[in-house]
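Chemist: You'll find model_37.txt just under this line, and it carries compact mmCIF, C-alpha atoms.
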```
# COMPACT_ATOMS: atom_id res chain seq x y z
CA MET B 1 0.00 0.00 0.00
CA ARG B 2 1.23 3.51 -0.84
CA ILE B 3 1.24 5.71 2.27
CA GLY B 4 1.24 9.52 2.18
CA VAL B 5 2.41 11.83 4.98
CA PRO B 6 1.43 15.46 4.28
CA LYS B 7 2.68 18.50 6.13
CA GLU B 8 0.17 19.67 8.73
CA ILE B 9 -1.49 22.97 7.80
CA LYS B 10 -3.62 23.76 10.85
CA PRO B 11 -2.28 26.93 12.54
CA ASP B 12 0.51 26.30 15.06
CA GLU B 13 0.59 22.58 14.27
CA HIS B 14 4.13 21.20 14.02
CA ARG B 15 3.59 17.49 14.64
CA VAL B 16 3.99 14.90 11.88
CA GLY B 17 1.98 11.76 11.17
CA LEU B 18 4.96 9.40 10.81
CA ILE B 19 8.48 9.88 12.11
CA PRO B 20 11.47 8.47 10.18
CA SER B 21 11.75 5.30 12.28
CA ALA B 22 8.12 4.48 11.45
CA VAL B 23 8.80 5.07 7.76
CA ARG B 24 11.66 2.59 7.95
CA GLU B 25 9.36 -0.04 9.46
CA LEU B 26 6.85 0.42 6.65
CA THR B 27 9.31 0.52 3.77
CA SER B 28 11.03 -2.60 5.12
CA ARG B 29 7.67 -4.36 4.70
CA GLY B 30 7.42 -3.24 1.08
CA HIS B 31 5.06 -0.28 1.54
CA PRO B 32 6.16 2.85 -0.37
CA VAL B 33 5.95 6.00 1.79
CA LEU B 34 5.56 9.43 0.22
CA VAL B 35 6.45 12.28 2.59
CA GLN B 36 5.75 15.89 1.71
CA SER B 37 8.96 17.90 1.79
CA GLY B 38 9.26 19.70 5.12
CA ALA B 39 6.54 17.62 6.83
CA GLY B 40 8.79 16.70 9.74
CA ALA B 41 10.70 19.96 10.09
CA GLY B 42 8.54 21.31 12.92
CA SER B 43 9.25 18.18 14.95
CA GLY B 44 12.96 18.24 14.21
CA PHE B 45 12.98 15.56 11.48
CA THR B 46 14.75 16.53 8.27
CA ASP B 47 13.93 15.49 4.72
CA ALA B 48 17.29 13.74 4.68
CA ALA B 49 16.23 11.59 7.64
CA TYR B 50 13.10 10.49 5.76
CA LEU B 51 15.11 9.71 2.63
CA GLU B 52 17.52 7.63 4.68
CA ALA B 53 14.53 5.73 6.12
CA GLY B 54 13.40 4.84 2.61
CA ALA B 55 10.74 7.47 1.92
CA THR B 56 10.21 9.32 -1.32
CA LEU B 57 9.80 13.10 -1.02
CA ALA B 58 6.78 14.81 -2.57
CA PRO B 59 7.06 18.48 -3.52
CA ASP B 60 3.64 19.52 -2.20
CA ALA B 61 0.40 18.35 -0.60
CA GLY B 62 -1.28 17.74 -3.94
CA ALA B 63 1.32 15.20 -4.97
CA THR B 64 1.26 13.59 -1.53
CA PHE B 65 -2.50 13.04 -1.49
CA ALA B 66 -2.69 12.00 -5.15
CA GLY B 67 0.06 9.41 -4.78
CA ALA B 68 -1.27 7.63 -1.70
CA ASP B 69 -3.74 4.86 -0.90
CA MET B 70 -3.64 5.85 2.79
CA ILE B 71 -3.00 9.28 4.28
CA VAL B 72 -1.55 9.35 7.79
CA LYS B 73 -1.86 12.70 9.58
CA VAL B 74 -2.12 14.16 13.04
CA LYS B 75 -4.86 16.82 13.05
CA GLU B 76 -8.27 16.76 11.44
CA PRO B 77 -8.09 17.63 7.74
CA GLN B 78 -8.75 21.20 6.72
CA LYS B 79 -10.97 22.07 3.75
CA ALA B 80 -8.06 22.10 1.28
CA GLU B 81 -7.14 18.61 2.47
CA TRP B 82 -10.53 16.89 2.49
CA GLU B 83 -11.07 18.20 -1.05
CA ARG B 84 -8.00 16.17 -2.11
CA LEU B 85 -9.37 12.89 -0.77
CA GLY B 86 -11.38 10.42 -2.82
CA GLU B 87 -13.20 7.11 -2.68
CA GLY B 88 -10.86 4.21 -2.20
CA GLN B 89 -8.47 6.18 0.00
CA ILE B 90 -8.03 5.66 3.74
CA LEU B 91 -7.54 8.64 6.05
CA PHE B 92 -5.99 7.80 9.43
CA THR B 93 -5.76 10.74 11.83
CA TYR B 94 -7.52 12.56 14.67
CA LEU B 95 -10.92 13.71 13.39
CA HIS B 96 -13.05 15.02 16.31
CA LEU B 97 -16.11 15.16 14.06
CA ALA B 98 -18.78 15.70 16.73
CA PRO B 99 -18.39 19.51 16.91
CA ASP B 100 -17.35 19.88 13.25
CA PRO B 101 -20.22 19.18 10.81
CA ALA B 102 -18.44 20.99 7.98
CA GLN B 103 -15.52 18.57 8.13
CA ALA B 104 -17.90 15.62 8.39
CA GLU B 105 -19.78 16.77 5.31
CA GLY B 106 -16.55 17.34 3.38
CA LEU B 107 -15.21 13.91 4.24
CA ALA B 108 -18.54 12.31 3.45
CA ARG B 109 -18.54 13.91 0.00
CA SER B 110 -15.02 12.60 -0.62
CA GLY B 111 -16.17 9.02 -0.13
CA CYS B 112 -12.97 8.11 1.72
CA ALA B 113 -12.71 5.71 4.66
CA ALA B 114 -11.99 8.05 7.58
CA ILE B 115 -10.55 6.31 10.64
CA ALA B 116 -10.22 8.43 13.80
CA TYR B 117 -7.45 7.84 16.28
CA GLU B 118 -9.69 9.03 19.11
CA THR B 119 -12.30 6.25 18.71
CA VAL B 120 -10.00 3.25 18.21
CA THR B 121 -10.29 1.08 21.31
CA ASP B 122 -8.25 -1.63 23.02
CA PRO B 123 -9.54 -4.92 24.46
CA GLY B 124 -10.13 -3.25 27.82
CA GLY B 125 -12.23 -0.45 26.33
CA GLY B 126 -9.44 2.13 26.55
CA LEU B 127 -8.46 4.60 23.85
CA PRO B 128 -4.85 3.70 23.00
CA LEU B 129 -4.32 6.31 20.26
CA LEU B 130 -5.82 9.13 22.29
CA ALA B 131 -3.83 8.19 25.40
CA PRO B 132 -0.40 9.62 24.47
CA MET B 133 -1.81 13.02 23.52
CA SER B 134 -4.09 13.00 26.57
CA GLU B 135 -1.07 12.33 28.75
CA ILE B 136 0.79 15.26 27.22
CA ALA B 137 -2.22 17.59 27.24
CA GLY B 138 -2.92 16.80 30.88
CA ARG B 139 0.61 17.72 31.89
CA LEU B 140 0.65 20.81 29.71
CA SER B 141 -2.68 22.00 31.12
CA VAL B 142 -1.11 22.60 34.53
CA LEU B 143 1.92 24.37 33.06
CA ALA B 144 -0.44 26.60 31.05
CA ALA B 145 -2.52 27.36 34.12
CA ALA B 146 0.55 28.21 36.20
CA HIS B 147 1.78 30.55 33.46
CA HIS B 148 -1.53 32.37 33.08
CA LEU B 149 -2.09 32.73 36.81
CA GLN B 150 0.74 35.26 36.71
CA LYS B 151 -0.50 38.84 36.84
CA HIS B 152 1.15 40.02 33.62
CA ASN B 153 -0.52 37.11 31.81
CA GLY B 154 -4.00 38.10 32.96
CA GLY B 155 -4.23 36.00 36.10
CA MET B 156 -4.69 36.90 39.75
CA GLY B 157 -0.97 36.91 40.46
CA LEU B 158 -0.84 33.57 42.24
CA LEU B 159 2.12 31.18 42.35
CA LEU B 160 0.82 27.63 41.89
CA PRO B 161 2.75 26.06 44.81
CA GLY B 162 2.45 29.13 47.02
CA ALA B 163 5.30 30.10 49.34
CA ALA B 164 6.09 30.16 53.06
CA GLY B 165 3.18 32.02 54.67
CA SER B 166 1.05 31.90 51.49
CA PRO B 167 -1.07 28.85 50.58
CA PRO B 168 -0.83 27.05 47.24
CA ALA B 169 -3.33 27.52 44.44
CA ARG B 170 -6.49 25.43 44.52
CA VAL B 171 -6.76 23.32 41.37
CA THR B 172 -9.99 21.53 40.45
CA ILE B 173 -9.80 18.86 37.74
CA LEU B 174 -13.05 17.71 36.16
CA GLY B 175 -12.58 14.14 34.94
CA GLY B 176 -10.31 11.38 36.17
CA GLY B 177 -9.27 9.73 32.93
CA MET B 178 -5.88 9.98 31.23
CA VAL B 179 -5.95 13.79 30.96
CA GLY B 180 -7.20 14.33 34.50
CA THR B 181 -4.81 11.85 36.07
CA ASN B 182 -1.78 13.41 34.38
CA ALA B 183 -2.97 16.91 35.24
CA ALA B 184 -3.29 15.83 38.87
CA ARG B 185 0.19 14.30 38.86
CA MET B 186 1.67 17.50 37.51
CA ALA B 187 -0.30 19.78 39.83
CA VAL B 188 0.56 17.73 42.92
CA GLY B 189 4.19 17.63 41.85
CA LEU B 190 4.25 21.40 41.63
CA GLY B 191 2.76 21.73 45.10
CA ALA B 192 -0.81 22.78 44.32
CA GLN B 193 -3.86 21.83 46.39
CA VAL B 194 -5.71 19.46 44.06
CA THR B 195 -9.28 18.20 43.92
CA LEU B 196 -10.25 15.65 41.28
CA VAL B 197 -13.95 15.31 40.42
CA GLU B 198 -15.06 12.09 38.69
CA ARG B 199 -18.41 10.38 38.07
CA SER B 200 -17.17 6.77 38.22
CA ALA B 201 -17.04 5.42 41.77
CA PRO B 202 -14.58 2.62 40.87
CA ARG B 203 -12.33 5.16 39.18
CA LEU B 204 -12.49 7.39 42.27
CA ARG B 205 -11.25 4.49 44.41
CA THR B 206 -8.42 3.85 41.95
CA LEU B 207 -7.42 7.52 41.99
CA ASP B 208 -7.58 7.68 45.78
CA GLU B 209 -5.21 4.71 46.00
CA LEU B 210 -2.97 6.10 43.26
CA PHE B 211 -2.42 9.44 44.95
CA GLY B 212 -2.39 8.17 48.52
CA GLY B 213 -4.37 11.06 49.95
CA ARG B 214 -2.39 13.80 48.19
CA VAL B 215 -5.41 14.57 46.01
CA ARG B 216 -8.96 15.17 47.26
CA THR B 217 -11.48 13.13 45.26
CA ARG B 218 -15.20 13.87 44.90
CA TYR B 219 -18.04 12.21 43.07
CA ALA B 220 -19.25 14.43 40.23
CA SER B 221 -22.70 15.38 41.48
CA LEU B 222 -24.07 18.71 40.31
CA ASP B 223 -23.49 20.17 43.78
CA ALA B 224 -19.90 18.92 43.95
CA VAL B 225 -19.01 20.16 40.47
CA GLU B 226 -20.39 23.61 41.19
CA ALA B 227 -18.81 23.85 44.65
CA GLU B 228 -15.36 22.87 43.42
CA ILE B 229 -15.51 25.17 40.40
CA LEU B 230 -16.41 28.16 42.56
CA ALA B 231 -13.73 27.37 45.15
CA ALA B 232 -10.93 26.93 42.62
CA ASP B 233 -8.20 29.24 41.39
CA VAL B 234 -7.70 26.88 38.41
CA VAL B 235 -10.27 24.63 36.75
CA ILE B 236 -9.09 22.03 34.25
CA GLY B 237 -11.74 20.43 32.05
CA ALA B 238 -10.66 16.87 31.33
CA VAL B 239 -13.89 15.06 30.47
CA LEU B 240 -14.35 12.83 27.44
CA ALA B 241 -17.25 11.04 25.80
CA PRO B 242 -15.60 9.05 22.96
CA GLY B 243 -16.80 10.28 19.59
CA ALA B 244 -19.45 12.54 21.12
CA ALA B 245 -19.55 16.20 22.07
CA ALA B 246 -18.17 16.93 25.54
CA PRO B 247 -20.73 17.63 28.30
CA ARG B 248 -20.88 21.27 29.45
CA LEU B 249 -19.94 21.34 33.15
CA LEU B 250 -19.03 25.00 33.70
CA ARG B 251 -21.79 27.48 32.87
CA ARG B 252 -21.65 31.17 32.04
CA GLU B 253 -23.32 32.06 35.36
CA HIS B 254 -20.45 30.39 37.25
CA LEU B 255 -17.91 32.93 35.96
CA ALA B 256 -19.28 35.88 37.90
CA ARG B 257 -19.00 33.84 41.11
CA MET B 258 -15.39 32.76 40.51
CA SER B 259 -12.38 34.68 41.78
CA PRO B 260 -11.26 37.41 39.35
CA GLY B 261 -8.11 36.31 37.56
CA SER B 262 -8.80 32.61 38.01
CA VAL B 263 -7.85 30.38 35.07
CA ILE B 264 -9.85 27.70 33.29
CA VAL B 265 -8.19 25.26 30.87
CA ASP B 266 -10.53 23.38 28.55
CA VAL B 267 -8.67 20.29 27.34
CA ALA B 268 -11.93 18.98 25.85
CA ILE B 269 -12.10 21.82 23.32
CA ASP B 270 -11.42 19.40 20.43
CA GLN B 271 -14.76 17.79 21.24
CA GLY B 272 -16.58 21.12 21.52
CA GLY B 273 -15.40 22.02 25.02
CA CYS B 274 -16.75 21.20 28.49
CA PHE B 275 -17.16 24.87 29.48
CA GLU B 276 -20.13 26.78 28.10
CA THR B 277 -18.01 29.85 27.41
CA SER B 278 -15.15 28.05 25.63
CA ARG B 279 -14.12 28.76 22.06
CA PRO B 280 -11.01 27.41 20.33
CA THR B 281 -7.82 29.44 20.68
CA THR B 282 -4.31 29.04 19.27
CA HIS B 283 -0.80 28.87 20.67
CA HIS B 284 -0.16 32.40 19.39
CA GLU B 285 -3.33 33.73 21.04
CA PRO B 286 -4.01 31.10 23.68
CA THR B 287 -6.37 32.94 26.01
CA PHE B 288 -9.28 35.32 26.27
CA VAL B 289 -10.87 36.84 29.37
CA LEU B 290 -14.59 36.73 30.04
CA ASP B 291 -16.19 38.05 33.24
CA GLY B 292 -12.72 38.32 34.75
CA VAL B 293 -11.85 34.64 34.17
CA VAL B 294 -8.93 33.68 31.93
CA HIS B 295 -9.93 31.01 29.37
CA TYR B 296 -7.19 28.80 27.87
CA CYS B 297 -8.77 26.74 25.06
CA VAL B 298 -5.96 25.78 22.68
CA ALA B 299 -7.27 23.04 20.42
CA ASN B 300 -3.94 21.32 19.77
CA MET B 301 -2.09 21.60 23.07
CA PRO B 302 0.45 18.82 22.33
CA GLY B 303 1.45 20.80 19.23
CA ALA B 304 3.49 22.98 21.59
CA VAL B 305 5.89 20.07 22.11
CA PRO B 306 5.90 18.50 18.63
CA ARG B 307 9.03 16.40 19.03
CA THR B 308 7.75 14.66 22.15
CA ALA B 309 4.22 14.46 20.77
CA SER B 310 5.20 13.05 17.37
CA GLU B 311 7.39 10.38 18.92
CA ALA B 312 4.73 9.39 21.48
CA LEU B 313 1.95 9.36 18.90
CA GLY B 314 4.06 7.42 16.42
CA ALA B 315 4.80 4.71 18.97
CA ALA B 316 1.06 4.26 19.56
CA THR B 317 -0.18 4.44 15.96
CA LEU B 318 2.50 2.45 14.12
CA PRO B 319 1.08 -1.05 14.81
CA TYR B 320 -2.28 0.07 13.42
CA VAL B 321 -0.69 1.77 10.41
CA VAL B 322 1.20 -1.45 9.66
CA LYS B 323 -1.98 -3.53 9.98
CA LEU B 324 -3.90 -1.21 7.62
CA ALA B 325 -1.00 -1.11 5.17
CA ASP B 326 -0.74 -4.91 5.15
CA GLN B 327 -4.46 -5.69 4.99
CA GLY B 328 -6.32 -2.56 3.90
CA LEU B 329 -9.89 -2.21 5.20
CA ALA B 330 -10.00 -5.98 5.67
CA ALA B 331 -8.07 -5.28 8.89
CA LEU B 332 -11.24 -3.72 10.32
CA GLU B 333 -13.24 -6.87 9.67
CA THR B 334 -10.91 -8.95 11.82
CA ASP B 335 -10.06 -6.31 14.45
CA ARG B 336 -13.21 -4.87 16.01
CA ASN B 337 -11.19 -2.49 18.20
CA LEU B 338 -9.64 -0.91 15.13
CA ALA B 339 -13.06 -0.98 13.42
CA ARG B 340 -14.42 1.30 16.15
CA GLY B 341 -12.09 3.94 14.74
CA LEU B 342 -14.01 4.01 11.45
CA ASN B 343 -16.12 7.18 11.48
CA LEU B 344 -17.01 7.55 7.79
CA LEU B 345 -17.15 5.18 4.84
CA LYS B 346 -18.50 5.90 1.35
CA GLY B 347 -20.34 8.94 2.66
CA GLY B 348 -22.00 7.20 5.61
CA VAL B 349 -21.34 7.87 9.31
CA THR B 350 -20.20 4.54 10.77
CA HIS B 351 -19.73 5.42 14.44
CA PRO B 352 -22.94 5.65 16.50
CA ALA B 353 -21.80 8.42 18.86
CA VAL B 354 -20.55 10.53 15.97
CA ALA B 355 -23.80 9.99 14.07
CA GLU B 356 -25.84 11.03 17.09
CA ALA B 357 -23.72 14.14 17.71
CA LEU B 358 -24.01 15.21 14.06
CA GLY B 359 -27.69 14.36 13.74
CA ARG B 360 -26.95 12.03 10.82
CA PRO B 361 -28.13 8.45 10.31
CA PHE B 362 -25.84 5.67 11.46
CA THR B 363 -24.50 3.39 8.72
CA ASP B 364 -23.52 -0.16 9.61
CA PRO B 365 -19.93 -0.37 8.29
CA TYR B 366 -20.18 -4.09 7.68
CA ALA B 367 -23.15 -3.50 5.38
CA ALA B 368 -21.19 -0.71 3.63
CA TRP B 369 -18.29 -3.08 2.93
CA ALA B 370 -20.61 -5.57 1.26
```
Represent the supplied structure as structure tokens.

Modeler:
Amino acid sequence: MRIGVPKEIKPDEHRVGLIPSAVRELTSRGHPVLVQSGAGAGSGFTDAAYLEAGATLAPDAGATFAGADMIVKVKEPQKAEWERLGEGQILFTYLHLAPDPAQAEGLARSGCAAIAYETVTDPGGGLPLLAPMSEIAGRLSVLAAAHHLQKHNGGMGLLLPGAAGSPPARVTILGGGMVGTNAARMAVGLGAQVTLVERSAPRLRTLDELFGGRVRTRYASLDAVEAEILAADVVIGAVLAPGAAAPRLLRREHLARMSPGSVIVDVAIDQGGCFETSRPTTHHEPTFVLDGVVHYCVANMPGAVPRTASEALGAATLPYVVKLADQGLAALETDRNLARGLNLLKGGVTHPAVAEALGRPFTDPYAAWA
């Protein structure tokens, strides 16, 4: 199978779909890999490194898309990219279609098979291709909050760990999955006072054991969510409903009751955001202030550390890329966990949560293959 790796074009996105070591694995198995010139530069991987790994360089995105049976990316395709896709091609990348009907419509019109990293599962029901970026985003969320708590960055002028005679910042984390757990680890490590709010009682017990009392845990009742939001200096939104739009946990009316200069970080912004007042921001303009509360809603947080992110993502995705390259869509018929990543096929929406979020009919992928 011919595999194409285009250069990412979303603003401030410097990650790359395949790093040179992954290209070597694929070419050693007889799969030609076409890499757009400069695709890896933002992550520190030169064209020469890709050539040494066995890739062929393409001069532009047009040649990369046209020459490939499967496109491997990082971020959801932009309009110029989905217009280059066609029936018979496989797109393997993050999609986050629930809050993005325009992208869904564009991909549907293309007729491609669109497989989303974020809905591929593992035998235990986890999300193995979302996990590495969730880990990074969770850790970055605390660093971003600490930065924007500083007065000259719009915050209240609070040092996250406090100092002798001054208490640490109060950090509330909504969601105890991969993002929330890594945010809590980072916040505790920096000396903050941390409360983690989670709706799964078994997960709360796991988190309580994991942190050994260093993190307060609360069940996510409406009262608890509101109380912890209003008491916090930092709120990190770390909730996830795979394939679906994120639930809105922080409402506009909460802002006026929060401390002026407090910071909220919406890590769920890719799925529409879990704060009612969120809107996507960029690394160049990462925040906006509403009712005195600093909002950090960067939609590609791991893009700030592209070398780390590309290597971590590549380690997770490579086995699936190899399986798709070796078997094509037949790999989905034998691997139901990989099949759960299929969001669109021949114009139909093939993931039930995505279909519900978009208000489109669900298409049984097995019927579509027939």

Chemist: Between CA of Ser21 in chain B and CA of Glu52 in chain B, what is the spacing in Å?

Modeler: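 Between these atoms lies a distance of 9.8 Å.
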
Chemist: For Gly176 in chain B, which residue out of B:Thr287, B:Ser134, B:Gln103, B:Ser110 is the nearest one, using only C-alpha atoms?

Modeler: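 Closest residue, counting only C-alpha atoms: B:Ser134.
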
Chemist: For CA of Gly111 in chain B and CA of Ala55 in chain B, determine how far apart the two atoms are, in Å to one decimal place.

Modeler: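 Pair CA of Gly111 in chain B / CA of Ala55 in chain B returns 27.0 Å.
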
Chemist: Report the distance between CA of Leu250 in chain B and CA of Glu228 in chain B in Å, rounded to one decimal place.

Modeler: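 A separation of 10.6 Å between them.
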
Chemist: Neighbourhood query: residues within 8 Å of (4.8, 1.8, 10.7), file coordinates, counting only C-alpha atoms; return as a short mmCIF file (atom, residue, chain, number, x, y, z; two decimals) with C-alpha atoms, in the frame of the given file.

Modeler:
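That gives us result-v5.cif:
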```
data_model
loop_
_atom_site.label_atom_id
_atom_site.label_comp_id
_atom_site.auth_asym_id
_atom_site.auth_seq_id
_atom_site.Cartn_x
_atom_site.Cartn_y
_atom_site.Cartn_z
CA LEU B 18 4.96 9.40 10.81
CA SER B 21 11.75 5.30 12.28
CA ALA B 22 8.12 4.48 11.45
CA VAL B 23 8.80 5.07 7.76
CA ARG B 24 11.66 2.59 7.95
CA GLU B 25 9.36 -0.04 9.46
CA LEU B 26 6.85 0.42 6.65
CA THR B 317 -0.18 4.44 15.96
CA LEU B 318 2.50 2.45 14.12
CA PRO B 319 1.08 -1.05 14.81
CA TYR B 320 -2.28 0.07 13.42
CA VAL B 321 -0.69 1.77 10.41
CA VAL B 322 1.20 -1.45 9.66
#
```

Chemist: Between B:Glu87, B:Glu135, B:Asp69, B:Glu276, which has the minimum distance to Cys112 in chain B (counting all atoms listed in the file)?

Modeler: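 Looking only at the distances to Cys112 in chain B, the closest residue turns out to be B:Glu87.
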
Chemist: With all atoms listed in the file as the basis for distance, which of B:Arg15, B:His283, B:Lys7, B:Lys79 is at the shortest distance from Ala58 in chain B?

Modeler: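 Answer, going by the shortest atom-to-atom distance: B:Lys7.
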
Chemist: Show which residues sit within 10 Å of Gly62 in chain B, as JSON, numbers by chain. Count all atoms listed in the file, and ignore same-chain residues fewer than 4 positions away.

Modeler: {"B": [6, 36, 58, 66, 67, 80, 81, 84, 85]}

Chemist: Considering only C-alpha atoms, can you say which of B:Ile3, B:Leu255, B:Val171, B:Val234 comes closest to Ile90 in chain B?

Modeler: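 Among the listed residues, B:Ile3 lies closest to Ile90 in chain B.
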
Chemist: Which residues of range 219-252 of chain B have any atom within 12 Å of an atom in range 290-311 of chain B when counting all atoms listed in the file, and what is the closest pair of atoms for each, with the distance in Å to one decimal? Order the rows by chain and rising number and write it as a tab-separated table.

Modeler:
```
residue	atom	partner	partner_atom	distance
B:Ile229	CA	B:Val293	CA	11.9
B:Leu230	CA	B:Val293	CA	11.5
B:Ala232	CA	B:Val293	CA	11.5
B:Asp233	CA	B:Val293	CA	9.7
B:Val234	CA	B:Val294	CA	9.5
B:Val235	CA	B:His295	CA	9.8
B:Ile236	CA	B:Tyr296	CA	9.5
B:Gly237	CA	B:Cys297	CA	9.9
B:Ala238	CA	B:Cys297	CA	11.8
B:Leu250	CA	B:His295	CA	11.7
B:Arg251	CA	B:Asp291	CA	12.0
B:Arg252	CA	B:Asp291	CA	8.9
```

Chemist: Print the selection's residues with C-alpha atoms to a file, as a short mmCIF file (atom, residue, chain, number, x, y, z; two decimals), in the coordinates of the input.

Modeler:
```
data_model
loop_
_atom_site.label_atom_id
_atom_site.label_comp_id
_atom_site.auth_asym_id
_atom_site.auth_seq_id
_atom_site.Cartn_x
_atom_site.Cartn_y
_atom_site.Cartn_z
CA ILE B 229 -15.51 25.17 40.40
CA LEU B 230 -16.41 28.16 42.56
CA ALA B 232 -10.93 26.93 42.62
CA ASP B 233 -8.20 29.24 41.39
CA VAL B 234 -7.70 26.88 38.41
CA VAL B 235 -10.27 24.63 36.75
CA ILE B 236 -9.09 22.03 34.25
CA GLY B 237 -11.74 20.43 32.05
CA ALA B 238 -10.66 16.87 31.33
CA LEU B 250 -19.03 25.00 33.70
CA ARG B 251 -21.79 27.48 32.87
CA ARG B 252 -21.65 31.17 32.04
#
```

Chemist: For each of B:Thr27, B:Ser43, B:Thr93, B:Thr334, take the minimum atom-to-atom distance to Glu118 in chain B, counting all atoms listed in the file, then give the residue where this is smallest.

Modeler: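 Between B:Thr27, B:Ser43, B:Thr93, B:Thr334, the residue approaching Glu118 in chain B most closely is B:Thr93.
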
Chemist: Write out as a PyMOL selection string each polymer residue whose atoms come within 9 Å of Asp270 in chain B, counting all atoms listed in the file; drop sequence neighbours fewer than 3 positions from it.

Modeler: chain B and resi 96-97+99+245-246+267+273+280+298-300

Chemist: Give the answer as one residue: which of B:Cys274, B:Ala231, B:Ala49, B:Ala163 has the shortest atom-to-atom distance to Met258 in chain B, using all atoms listed in the file?

Modeler: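 Checking each candidate against Met258 in chain B, we get B:Ala231 as the closest.
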
Chemist: Name the residues in contact with range 219-224 of chain B at a cut-off of 6 Å, using all atoms listed in the file, excluding same-chain residues fewer than 4 positions from it; report them as a list in words.

Modeler: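 My reading of the contact set: Val197, Glu198 and Arg199 of chain B.
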